[in-house]
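Asks: Questions regarding the structure given below will be posed in turn.
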Amino acid sequence: MAGPATTHAPETPSQTGIGERLFLPSVVKGLLSTLRHMMFGESFTVEYPEESVYAVNKFPNDENRRFRGEHILVKDDQGREKCVACMLCSAACPAVCITIVPEEVDWEDRDRRPKVFEIDMLRCIYCGFCEEACPCDAIRLTPAFYQVSRTREEKVYDKEKLLNDDPDDPRGKYQSPIHPGK
Amino acid sequence: MSAPAKTVETVKIKVNGKELDAPKDQPVLQTCLDNGIYIPHYCYHPALSISGNCRMCLCTASNAPKAVISCATFPAEGAEYTTESEEVKKLREIILEFLLINHPLDCPVCDQAGECDLQEFSFRFGKDDSRFEEEKNYRHTKKLGTNVRLYGNRCIVCTRCVRFCEEIAGDAELCVRERGDSNIIDTFPGIPLENPISGCVADICPVGALFVDDFVHKTRVFFLESTTSVCNMCATGCSINVDTWQGEVQRLRPRHNPDVNDYWMCDRGRVGYKYSGAAERLSRYEVGPARAGSSAGDGKAKAGPTDPPRSTRAPSDFGKALAAVSDRAERVRREHGPGAFAFVASAWMSVEEMFLFRRLATTLAGAVPGEAGPATGILAVADGEAWTPRVGGAFKIDSDRNPNRKGAEMLLLGSFISEPFSVLLDRLESGAIKFAWVVGGIPDFSPMDRFRDALGAISNVVVTDILPGPLSERATILLPAASFVEKDGVFVNGRGWAQRCRAALPPPGETRTELDLFQELLRRAGERERVLSAQGVYAELAAEVGAFADTSYKTLGALGARVTDDEPAEREPTGREAAKR
Amino acid sequence: MIWSLLVAFGVFFILTNGLPPALVYAERKLAAGIQNRVGPNRVGPYGLLQPIADAIKLLFKEDVTPRGADKFLFSIAPILSFVPAALAFAIIPFGNYAGEVRLQVADLNVGILFATAIISLGAYGIAFGGWASNSKFPLLAAVRSSAQLISYEVVMALALVAMIMTYGTVRTEVMVLAQAVPLAETGPFAYLPAWGVFQQPIAFVLFVICCFAENNRAPFDMPECEAELVGGYHTEYSSMKFALFFQGEYIAMTTMSALIVTIFLGGWHFPGMDVADHSVGMGILTILVFMAKLLGVLFFYIWVRWTLPRFRYDQVMRLCWKGCIPIALVNIAITGIIGVLYS
């Protein structure tokens with residue numbers, strides 16, 4: 001077979017070897033690689049309705065935390081919301097899906113918390129800006145992605161729903177490993 | 001602004017190589033600010049005496065060996081000042097590092113965040129780190145008075161608030177307590193901060209230490225949309241900013257207007273928006289049947305409620321309600337002539353509304369030569385207590401609680417209202433009046449009993465009002481009105497300054513502003529071709545009413561203009577000028 | 001006669017209705033395996049009914065002819081790409097004899113020439129389809145495709161010339177018989193059959209490359225490279241017309257594989273078979289052998305597609321004109337010299 005496949009890359013010694021120039025050995029190497037995957041490779045597919053992604057863990061990167069799914073509000077070590085209702089998340093939100101009404105509280109370490117904290121999951125675009133904007137690490141996006149509800153109202157998550165810390169809940173189990181203090 | 005231009009003695013100085021004419025008795029800082037050279041500052045406030053404790057405005061001067069604070073430096077002929085150099089930059093960084101050592105950095109919970117000078121200067125001029133490793137000290141958080149709250153931790157002790165209480169409010173309730181890094185703003189024991197303009201300390205506080213209680217933990221300032229407007233709570237007519245968010249007024253802030261309120265406004269005015277967002281606001285047009293059996297010639301209306309129950313008014317809409325008004329007016333005019341009409345304006349209307357209402361009265365009632373015209377009058381709330389600071393400041397609170405009494409006098413007295421209120425009352429009670437139109441728009445208004453009872457006996461009572469009350473209860477046709485945060489118009493304050501009020505929000509529900517309402521009625525009567533904006537109506541008014549001639553919305557601008565000559569126009573001294581005397 | 005017709009019909013039926021769906025299924029499953037996925041597994045057991053579902057979906061889709069398209073050419077293009085591919089299969093001997101029945105549709109005495117001629121016609125389907133669509137991407141695809149097919153036909157012909165010189169015939173049946181002997185009388189090569197791949201390895205490689213190129217298969221799928229040309233020449237096609245293109249592609253792939261098997265891989269023969277045995281059993285056995293080889297080549301087709309990335313267009317042309325053609329010419333020269341020396 002003929003010469004190098006490309007003339008764009010600068011020719012380094014490794015590229016000008018006879019094997020590279022002939023191209024065929026590389027093709028064979030590639031074919032063997034794909035054959036290996038075909039014969040021995042394990043499928044990464046999670047067969048969703050039958051298999052639950054939360055139960056099955058096919059990924060080496062354990063909790064695939066980079067996935068941006070539904071939110072949780074993080075609790076502090078005393079079980080209170082870490083959120084101080086600074087509203088930076090709702091300011092950052094491009095979908096305008098976060099509604100916060102602050103209220104005053106008489107706590108030792110802070111005097112403000114959200115009275116109402118609602119996220120309209122139907123409007124949310126899961127961009128993660130809220131998580132980035134949060135100065136208190138109080139809102140996080142979890143890998144939870146079940147978007148099932150019978151009514152639209154159910155998809156407006158209120159504070160109670162967002163503060164879920166049930167370890168069996170797909171969102172709740174991502175409640176923070178607790179960071180003390182503010 | 002007819003204040004005669006005083007000849008100001010100036011000297012020539014150079015700032016950053018740029019030559020400036022600096023007034024001799026004005027600090028370099030102010031000269032720089034006036035000429036577009038920004039110097040960060042905390043403790044300096046143009047209306048207060050110079051304190052020079054924040055050191056933020058340091059600059060270098062050719063005639064001083066070390067850096068000087070530009071707020072307390074008065075210009076010397078030929079001197080050169082530098083505000084932008086490596087040295088000044090370094091100085092600012094150091095000052096900010098010092099100011100921040102005890103600052104809790106709790107911007108997420110601080111309501112100042114977004115309009116905080118500490119935040120902004122740290123961002124623009126500050127260092128990105130701090131070398132302070134010790135414990136930050138803790139200072140008290142407390143309510144200084146009914147209205148004002150102090151977050152001591154955030155305070156940088158610039159003493160603007162202390163000076164304000166001494167020089168403007170005159171009661172000097174605040175002081176600096178303790179020494180060194182634990183010094184803190186506090187009230188003298190047993191003397192809370194209770195002067196009627198105490199809320200202003202929150203406005204002048206450059207950081208998040210002082211707040212008006214009403215605004216704490218309400219929203220974030222970066223969400224707010226500001227509309228320049230004018231306060232409606234008294235005849236002082238302070239220039240204000242109406243800050244709104246999500247269709248609600250969040251707070252009112254004084255706006256600098258040297259001729260009216262300087263930098264200040266009173267605490268009463270500060271919460272004067274509350275009624276506009278009340279849940280019980282009238283927002284539905286309602287039309288009921290004409291009241292039968294008005295005891296003609298009875299002389300005295302019966303005491304006690306003679307109202308129809310509210311349910312006799314049925315929900316209607318703008319068009320139908322207006323049709324009902326003109327139909328009934330038409331009928332009354334045919335049957336009883338113009339003498340059976342009564343029109344009662346309010347000192348809370350804008351001049352445009354008064355102008356239109358005046359015209360509407362003649363249109364609806366018509367005029368028959370030789371017969372008595374319609375009865376006319378004006379509603380106003382009783383005078384409250386005037387307030388003048390014990391010492392110093394020029395900011396006063398008018399005893400007149402009506403925002404536009406002056407405008408009403410200029411527009412309505414003589415031309416529209418030619419008889420005293422008692423005559424109106426007599427005519428209302430005489431039973432000859434078959435059609436009365438009362439414009440309310442005054443929150444918490446309790447009319448005198450005679451007026452109220454007389455209304456209850458008149459067959460057609462049209463009421464334009466904001467909140468349910470004695471007036472709306474007696475209406476047979478109820479027309480909801482817009483409050484001052486929802487309408488455009490001009491108000492003339494007690495000293496004759498006409499200022500523009502701007503709509504910050506839409507009126508509630510299906511309400512249309514009175515401006516639309518009056519014009520639409522006039523249009524249906526064939527008196528107008530188009531429904532104009534407030535600006536258009538004002539142009540008509542200016543063409544017709546002498547005092548307003550040569551003014552327009554454009555010339556009124558943001559600060560307004562004086563439209564009367566009957567009081568001295570001389571500007572009263574501001575705080576610092578007064579303090580200097 | 002009736003038997004020959006039956007054979008022809010059987011071949012046509014399997015070729016058009018049996019193989020493409022199976023190949024689609026196989027392609028998707030193998031691709032999934034290579035990419036560590038599962039592949040179709042929802043329709044029927046192991047997703048076996050997926051091709052049928054696809055077919056039904058295609059049948060019921062709306063048949064859109066774009067505005068401004070040349071209606072006649074637009075309609076005829078899929079047929080033009082489908083028919084020649086199926087026609088060329090006529091000369092493939094897919095078995096020896098089953099009794100009296102010759103397991104070949106037509107044993108033409110110009111066999112290979114017929115095949116190359118007919119396969120070249122497939123280019124018209126693509127060219128017409130692209131041109132008639134009145135759309136820029138199909139047009140570009142058609143232009144690319146024409147240039148590519150013409151270029152690689154040269155190489156293919158040159159590779160075949162070497163094989164014709166080797167076998168001394170253009171009849172496919174004779175070619176198969178010529179491969180049904182040991183490679184050498186004695187020595188280590190005596191255990192190898194005289195398959196084309198052993199006699200002419202260079203021609204084999206060239207021919208395989210050409211097959212990929214002629215079929216527009218990866219890594220030579222210039223006419224339909226999604227990244228540049230949306231869907232390629234069939235961007236504007238839908239419903240049955242698209243299905244015909246699709247089917248034509250797989251049939252062409254099958255025909256090409258059959259040619260490879262016939263010319264280079266000993267056709268229906270396997271070492272140890274008696275070519276003179278014309279029994280029905282042996283006939284069926286030869287068909288099975290042929291099928292096995294065919295499937296092997298088809299597997300290779302799929303395997304390559306999901307392994308190698310697409311060439312850039314200039315690379316495709318350079319590979320042809322500056323790589324393959326000189327090598328093919330040299331190969332012919334060497335073949336001629338050896339032929340003269342040994343004759």
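Labels used: A, B, ... for chains in the order of the structure tokens, numbers from 1 for residues in each chain, and numbers from 1 for ligands as shown.
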Compute the set of chain B residues within 9 Å of chain A, using only C-alpha atoms, and express it as a PyMOL selection string.
Replies: chain B and resi 107-111+216-220+222-223
Asks: Do me a favour and pick out the residues of chain C within 6 Å of chain A, using only C-alpha atoms, as a count of residues only.
Replies: 6
Asks: Could you pull the residues within 7 Å of stretch 115-130 of chain C, counting only C-alpha atoms, minus those fewer than 5 positions along the same chain, as a compact mmCIF listing (two decimals) with all heavy atoms, in the first residue's frame?
Replies:
```
# COMPACT_ATOMS: atom_id res chain seq x y z
N LEU C 73 -35.52 11.19 -12.51
CA LEU C 73 -34.22 10.69 -12.07
C LEU C 73 -34.25 10.37 -10.57
O LEU C 73 -33.65 9.40 -10.12
CB LEU C 73 -33.14 11.72 -12.34
CG LEU C 73 -32.75 11.89 -13.81
CD1 LEU C 73 -31.61 12.86 -13.94
CD2 LEU C 73 -32.36 10.54 -14.40
N PHE C 74 -34.99 11.20 -9.86
CA PHE C 74 -35.08 10.99 -8.41
C PHE C 74 -35.68 9.63 -8.10
O PHE C 74 -35.27 8.95 -7.17
CB PHE C 74 -35.94 12.11 -7.81
CG PHE C 74 -35.90 12.16 -6.30
CD1 PHE C 74 -34.80 12.69 -5.65
CD2 PHE C 74 -36.96 11.68 -5.55
CE1 PHE C 74 -34.77 12.74 -4.27
CE2 PHE C 74 -36.93 11.72 -4.17
CZ PHE C 74 -35.82 12.26 -3.53
N ALA C 77 -33.18 6.63 -9.52
CA ALA C 77 -31.85 6.47 -8.94
C ALA C 77 -31.75 5.28 -7.97
O ALA C 77 -30.81 4.49 -8.08
CB ALA C 77 -31.44 7.77 -8.24
N PRO C 78 -32.69 5.11 -7.04
CA PRO C 78 -32.57 3.97 -6.13
C PRO C 78 -32.59 2.64 -6.88
O PRO C 78 -31.85 1.71 -6.54
CB PRO C 78 -33.79 4.09 -5.22
CG PRO C 78 -34.29 5.46 -5.40
CD PRO C 78 -33.88 5.91 -6.74
N LEU C 80 -31.54 2.18 -9.89
CA LEU C 80 -30.25 2.06 -10.57
C LEU C 80 -29.15 1.61 -9.63
O LEU C 80 -28.16 1.03 -10.06
CB LEU C 80 -29.87 3.40 -11.19
CG LEU C 80 -30.39 3.64 -12.60
CD1 LEU C 80 -29.91 4.97 -13.12
CD2 LEU C 80 -29.93 2.51 -13.52
N SER C 81 -29.28 1.92 -8.38
CA SER C 81 -28.24 1.46 -7.48
C SER C 81 -28.53 0.06 -6.97
O SER C 81 -27.64 -0.67 -6.58
CB SER C 81 -28.11 2.44 -6.30
OG SER C 81 -28.93 2.04 -5.24
N PRO C 84 -28.18 -3.21 -10.54
CA PRO C 84 -26.90 -3.75 -11.00
C PRO C 84 -26.23 -4.63 -9.96
O PRO C 84 -25.64 -5.65 -10.30
CB PRO C 84 -26.05 -2.50 -11.28
CG PRO C 84 -27.01 -1.40 -11.39
CD PRO C 84 -28.17 -1.75 -10.53
N ALA C 85 -26.35 -4.19 -8.69
CA ALA C 85 -25.71 -4.97 -7.63
C ALA C 85 -26.25 -6.39 -7.61
O ALA C 85 -25.51 -7.37 -7.48
CB ALA C 85 -25.94 -4.30 -6.29
N ALA C 88 -25.14 -8.45 -10.91
CA ALA C 88 -23.77 -8.96 -10.99
C ALA C 88 -23.63 -10.30 -10.29
O ALA C 88 -22.72 -11.07 -10.58
CB ALA C 88 -22.81 -7.94 -10.38
N PRO C 138 -26.35 16.31 -1.24
CA PRO C 138 -26.38 15.13 -2.12
C PRO C 138 -25.57 15.35 -3.39
O PRO C 138 -24.89 14.43 -3.86
CB PRO C 138 -27.86 14.97 -2.44
CG PRO C 138 -28.56 15.59 -1.30
CD PRO C 138 -27.70 16.74 -0.88
N LEU C 139 -25.61 16.57 -3.91
CA LEU C 139 -24.86 16.83 -5.14
C LEU C 139 -23.37 16.64 -4.90
O LEU C 139 -22.68 15.96 -5.67
CB LEU C 139 -25.15 18.25 -5.62
CG LEU C 139 -24.45 18.62 -6.93
CD1 LEU C 139 -25.00 17.77 -8.06
CD2 LEU C 139 -24.65 20.08 -7.26
N ALA C 141 -22.02 14.88 -2.66
CA ALA C 141 -21.79 13.46 -2.44
C ALA C 141 -21.71 12.73 -3.77
O ALA C 141 -20.86 11.86 -3.97
CB ALA C 141 -22.90 12.88 -1.58
N ALA C 142 -22.60 13.11 -4.68
CA ALA C 142 -22.63 12.44 -5.96
C ALA C 142 -21.33 12.70 -6.72
O ALA C 142 -20.73 11.78 -7.31
CB ALA C 142 -23.82 12.93 -6.78
N VAL C 143 -20.87 13.94 -6.66
CA VAL C 143 -19.64 14.27 -7.37
C VAL C 143 -18.47 13.47 -6.80
O VAL C 143 -17.69 12.84 -7.51
CB VAL C 143 -19.37 15.78 -7.26
CG1 VAL C 143 -17.98 16.11 -7.77
CG2 VAL C 143 -20.42 16.55 -8.02
N SER C 146 -18.78 9.75 -7.77
CA SER C 146 -18.42 9.43 -9.15
C SER C 146 -16.92 9.38 -9.29
O SER C 146 -16.36 8.43 -9.85
CB SER C 146 -18.99 10.51 -10.08
OG SER C 146 -20.36 10.65 -9.84
N LEU C 149 -15.50 6.29 -7.53
CA LEU C 149 -15.80 5.01 -8.18
C LEU C 149 -14.97 4.85 -9.43
O LEU C 149 -14.40 3.78 -9.69
CB LEU C 149 -17.29 4.92 -8.51
CG LEU C 149 -18.21 4.80 -7.30
CD1 LEU C 149 -19.64 4.64 -7.73
CD2 LEU C 149 -17.80 3.64 -6.42
N TYR C 233 -25.60 11.24 -0.43
CA TYR C 233 -26.46 11.32 -1.63
C TYR C 233 -27.91 11.00 -1.32
O TYR C 233 -28.80 11.36 -2.08
CB TYR C 233 -25.93 10.41 -2.73
CG TYR C 233 -25.85 8.95 -2.32
CD1 TYR C 233 -26.92 8.10 -2.55
CD2 TYR C 233 -24.73 8.45 -1.69
CE1 TYR C 233 -26.85 6.78 -2.15
CE2 TYR C 233 -24.66 7.14 -1.30
CZ TYR C 233 -25.72 6.30 -1.53
OH TYR C 233 -25.67 5.01 -1.13
N HIS C 234 -28.19 10.29 -0.24
CA HIS C 234 -29.61 10.00 0.02
C HIS C 234 -30.20 10.88 1.12
O HIS C 234 -31.17 10.53 1.76
CB HIS C 234 -29.83 8.52 0.33
CG HIS C 234 -28.92 7.96 1.39
ND1 HIS C 234 -28.76 8.55 2.60
CD2 HIS C 234 -28.12 6.88 1.38
CE1 HIS C 234 -27.90 7.85 3.31
NE2 HIS C 234 -27.49 6.83 2.59
```
Asks: How many Å lie between atom CA of B:Asp203 and atom CA of B:Leu118, rounded to one decimal?
Replies: 14.3 Å
Asks: Determine which residues of stretch 428-464 of chain B DSSP labels as strand (DSSP E) from the backbone of this structure, then write them out as a list in words.
Replies: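 DSSP on the backbone gives strand (DSSP E) at Phe435, Ala436, Trp437, Val438, Val439, Asn460, Val461, Val462, Val463 and Thr464 of chain B.
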Asks: If we count only C-alpha atoms, what is near stretch 198-201 of chain C at a cut-off of 9 Å, once residues fewer than 2 positions away on the same chain are taken out, given as a list of chain:residue names?
Replies: C:Ala162, C:Met163, C:Thr166, C:Leu183, C:Leu192, C:Pro193, C:Ala194, C:Trp195, C:Gly196, C:Ala203, C:Phe204, C:Val205, C:Leu206, C:Phe264, C:Leu265, C:Asn331, C:Thr335
Asks: Just asking: which residues within stretch 385-468 of chain B are helix (DSSP H, G or I) according to DSSP, as JSON, numbers by chain?
Replies: {"B": [405, 406, 407, 408, 409, 410, 411, 421, 422, 423, 424, 425, 426, 427, 428, 429, 430, 449, 450, 451, 452, 453, 454, 455]}
Asks: For C:Asn41, list every protein, DNA or RNA residue within 12 Å, evaluated using only C-alpha atoms, and leave out those in the same chain fewer than 2 positions away; present the list as a ChimeraX atom specification.
Replies: /A:45,47 /C:25,28-29,32,37-39,43-51
Asks: Using only N, CA and C atoms, please write the residues we just selected to a file, as a tab-separated table (two decimals), in the first residue's frame.
Replies:
```tsv
chain	number	residue	atom	x	y	z
A	45	THR	N	-23.60	-0.69	28.66
A	45	THR	CA	-24.98	-0.24	28.59
A	45	THR	C	-25.75	-0.57	29.87
A	47	GLU	N	-29.35	-1.11	30.98
A	47	GLU	CA	-30.64	-1.27	30.32
A	47	GLU	C	-31.72	-0.71	31.21
C	25	TYR	N	-28.81	-6.35	10.85
C	25	TYR	CA	-28.81	-6.82	12.23
C	25	TYR	C	-27.38	-7.14	12.68
C	28	ARG	N	-25.27	-4.05	13.22
C	28	ARG	CA	-25.57	-3.31	14.45
C	28	ARG	C	-25.08	-4.05	15.68
C	29	LYS	N	-25.26	-5.36	15.64
C	29	LYS	CA	-24.80	-6.13	16.80
C	29	LYS	C	-23.28	-6.08	16.93
C	32	ALA	N	-22.09	-2.79	18.03
C	32	ALA	CA	-22.32	-2.66	19.47
C	32	ALA	C	-21.25	-3.40	20.25
C	37	ARG	N	-21.23	-2.02	23.61
C	37	ARG	CA	-22.64	-1.74	23.84
C	37	ARG	C	-23.42	-3.03	23.73
C	38	VAL	N	-24.73	-2.91	23.76
C	38	VAL	CA	-25.56	-4.10	23.67
C	38	VAL	C	-26.11	-4.27	22.26
C	39	GLY	N	-26.45	-3.19	21.62
C	39	GLY	CA	-27.06	-3.28	20.30
C	39	GLY	C	-28.54	-3.56	20.40
C	43	VAL	N	-36.60	-5.66	20.18
C	43	VAL	CA	-37.64	-6.22	19.31
C	43	VAL	C	-37.35	-7.70	19.11
C	44	GLY	N	-38.17	-8.53	19.67
C	44	GLY	CA	-37.97	-9.97	19.52
C	44	GLY	C	-36.81	-10.45	20.35
C	45	PRO	N	-36.61	-11.76	20.39
C	45	PRO	CA	-35.50	-12.30	21.18
C	45	PRO	C	-34.17	-11.81	20.62
C	46	TYR	N	-33.32	-11.30	21.45
C	46	TYR	CA	-32.03	-10.73	21.07
C	46	TYR	C	-32.18	-9.65	20.01
C	47	GLY	N	-33.33	-9.07	19.92
C	47	GLY	CA	-33.53	-8.01	18.94
C	47	GLY	C	-33.59	-8.50	17.52
C	48	LEU	N	-33.86	-9.78	17.35
C	48	LEU	CA	-33.79	-10.36	16.01
C	48	LEU	C	-34.83	-9.77	15.06
C	49	LEU	N	-35.91	-9.29	15.62
C	49	LEU	CA	-36.96	-8.76	14.75
C	49	LEU	C	-36.76	-7.28	14.42
C	50	GLN	N	-35.64	-6.74	14.91
C	50	GLN	CA	-35.37	-5.33	14.67
C	50	GLN	C	-35.39	-4.97	13.18
C	51	PRO	N	-34.72	-5.76	12.31
C	51	PRO	CA	-34.73	-5.40	10.88
C	51	PRO	C	-36.15	-5.36	10.33
```
Asks: For B:Asn147, list every protein, DNA or RNA residue within 8 Å, evaluated using only C-alpha atoms, and leave out those in the same chain fewer than 4 positions away; present the list as a ChimeraX atom specification.
Replies: /B:143,194,198-199,212-214,267
Asks: What's the 12 Å shell around C:Asp54, counting only C-alpha atoms, without same-chain residues fewer than 6 positions away, as a ChimeraX atom specification?
Replies: /C:20-22,24-25,40,43,47-48,60-61,239-240,242-243,246
Asks: Okay, now the selection with N, CA, C and O atoms, as a PDB file, in the first residue's frame?
Replies:
```pdb
ATOM      1  N   PRO C  20     -29.953  -8.603   3.260  1.00  0.00           N
ATOM      2  CA  PRO C  20     -29.822  -7.241   3.817  1.00  0.00           C
ATOM      3  C   PRO C  20     -30.326  -7.099   5.239  1.00  0.00           C
ATOM      4  O   PRO C  20     -29.605  -6.559   6.091  1.00  0.00           O
ATOM      5  N   PRO C  21     -31.524  -7.581   5.559  1.00  0.00           N
ATOM      6  CA  PRO C  21     -31.950  -7.451   6.964  1.00  0.00           C
ATOM      7  C   PRO C  21     -30.996  -8.138   7.920  1.00  0.00           C
ATOM      8  O   PRO C  21     -30.632  -7.590   8.966  1.00  0.00           O
ATOM      9  N   ALA C  22     -30.546  -9.339   7.511  1.00  0.00           N
ATOM     10  CA  ALA C  22     -29.624 -10.064   8.377  1.00  0.00           C
ATOM     11  C   ALA C  22     -28.334  -9.272   8.551  1.00  0.00           C
ATOM     12  O   ALA C  22     -27.766  -9.198   9.645  1.00  0.00           O
ATOM     13  N   VAL C  24     -27.968  -6.023   8.263  1.00  0.00           N
ATOM     14  CA  VAL C  24     -28.211  -4.850   9.099  1.00  0.00           C
ATOM     15  C   VAL C  24     -28.143  -5.242  10.564  1.00  0.00           C
ATOM     16  O   VAL C  24     -27.493  -4.592  11.383  1.00  0.00           O
ATOM     17  N   TYR C  25     -28.812  -6.346  10.851  1.00  0.00           N
ATOM     18  CA  TYR C  25     -28.805  -6.820  12.233  1.00  0.00           C
ATOM     19  C   TYR C  25     -27.380  -7.139  12.685  1.00  0.00           C
ATOM     20  O   TYR C  25     -26.921  -6.719  13.749  1.00  0.00           O
ATOM     21  N   PRO C  40     -29.175  -3.758  19.268  1.00  0.00           N
ATOM     22  CA  PRO C  40     -30.631  -3.968  19.320  1.00  0.00           C
ATOM     23  C   PRO C  40     -30.972  -5.205  20.138  1.00  0.00           C
ATOM     24  O   PRO C  40     -30.415  -6.276  19.898  1.00  0.00           O
ATOM     25  N   VAL C  43     -36.603  -5.657  20.183  1.00  0.00           N
ATOM     26  CA  VAL C  43     -37.637  -6.216  19.313  1.00  0.00           C
ATOM     27  C   VAL C  43     -37.347  -7.705  19.108  1.00  0.00           C
ATOM     28  O   VAL C  43     -36.387  -8.064  18.454  1.00  0.00           O
ATOM     29  N   GLY C  47     -33.325  -9.074  19.924  1.00  0.00           N
ATOM     30  CA  GLY C  47     -33.533  -8.012  18.943  1.00  0.00           C
ATOM     31  C   GLY C  47     -33.585  -8.500  17.518  1.00  0.00           C
ATOM     32  O   GLY C  47     -33.388  -7.730  16.579  1.00  0.00           O
ATOM     33  N   LEU C  48     -33.858  -9.782  17.349  1.00  0.00           N
ATOM     34  CA  LEU C  48     -33.791 -10.359  16.005  1.00  0.00           C
ATOM     35  C   LEU C  48     -34.833  -9.768  15.058  1.00  0.00           C
ATOM     36  O   LEU C  48     -34.651  -9.784  13.851  1.00  0.00           O
ATOM     37  N   PHE C  60     -43.894   2.505   5.961  1.00  0.00           N
ATOM     38  CA  PHE C  60     -45.011   3.394   6.304  1.00  0.00           C
ATOM     39  C   PHE C  60     -44.608   4.871   6.372  1.00  0.00           C
ATOM     40  O   PHE C  60     -45.416   5.713   6.696  1.00  0.00           O
ATOM     41  N   LYS C  61     -43.358   5.130   6.091  1.00  0.00           N
ATOM     42  CA  LYS C  61     -42.957   6.541   6.115  1.00  0.00           C
ATOM     43  C   LYS C  61     -43.499   7.272   4.901  1.00  0.00           C
ATOM     44  O   LYS C  61     -43.792   6.671   3.868  1.00  0.00           O
ATOM     45  N   SER C 239     -38.583   6.824   3.012  1.00  0.00           N
ATOM     46  CA  SER C 239     -39.488   5.700   2.759  1.00  0.00           C
ATOM     47  C   SER C 239     -38.845   4.629   1.876  1.00  0.00           C
ATOM     48  O   SER C 239     -37.691   4.295   2.036  1.00  0.00           O
ATOM     49  N   MET C 240     -39.590   4.104   0.904  1.00  0.00           N
ATOM     50  CA  MET C 240     -39.115   2.952   0.134  1.00  0.00           C
ATOM     51  C   MET C 240     -37.926   3.292  -0.750  1.00  0.00           C
ATOM     52  O   MET C 240     -37.082   2.449  -1.017  1.00  0.00           O
ATOM     53  N   PHE C 242     -35.541   5.289  -0.031  1.00  0.00           N
ATOM     54  CA  PHE C 242     -34.378   5.200   0.841  1.00  0.00           C
ATOM     55  C   PHE C 242     -34.069   3.731   1.134  1.00  0.00           C
ATOM     56  O   PHE C 242     -32.919   3.312   1.124  1.00  0.00           O
ATOM     57  N   ALA C 243     -35.136   2.965   1.339  1.00  0.00           N
ATOM     58  CA  ALA C 243     -34.935   1.551   1.632  1.00  0.00           C
ATOM     59  C   ALA C 243     -34.234   0.856   0.474  1.00  0.00           C
ATOM     60  O   ALA C 243     -33.375   0.001   0.677  1.00  0.00           O
ATOM     61  N   PHE C 246     -30.644   1.647   0.538  1.00  0.00           N
ATOM     62  CA  PHE C 246     -30.076   0.931   1.672  1.00  0.00           C
ATOM     63  C   PHE C 246     -29.829  -0.528   1.315  1.00  0.00           C
ATOM     64  O   PHE C 246     -28.759  -1.078   1.558  1.00  0.00           O
TER      65      PHE C 246
END
```
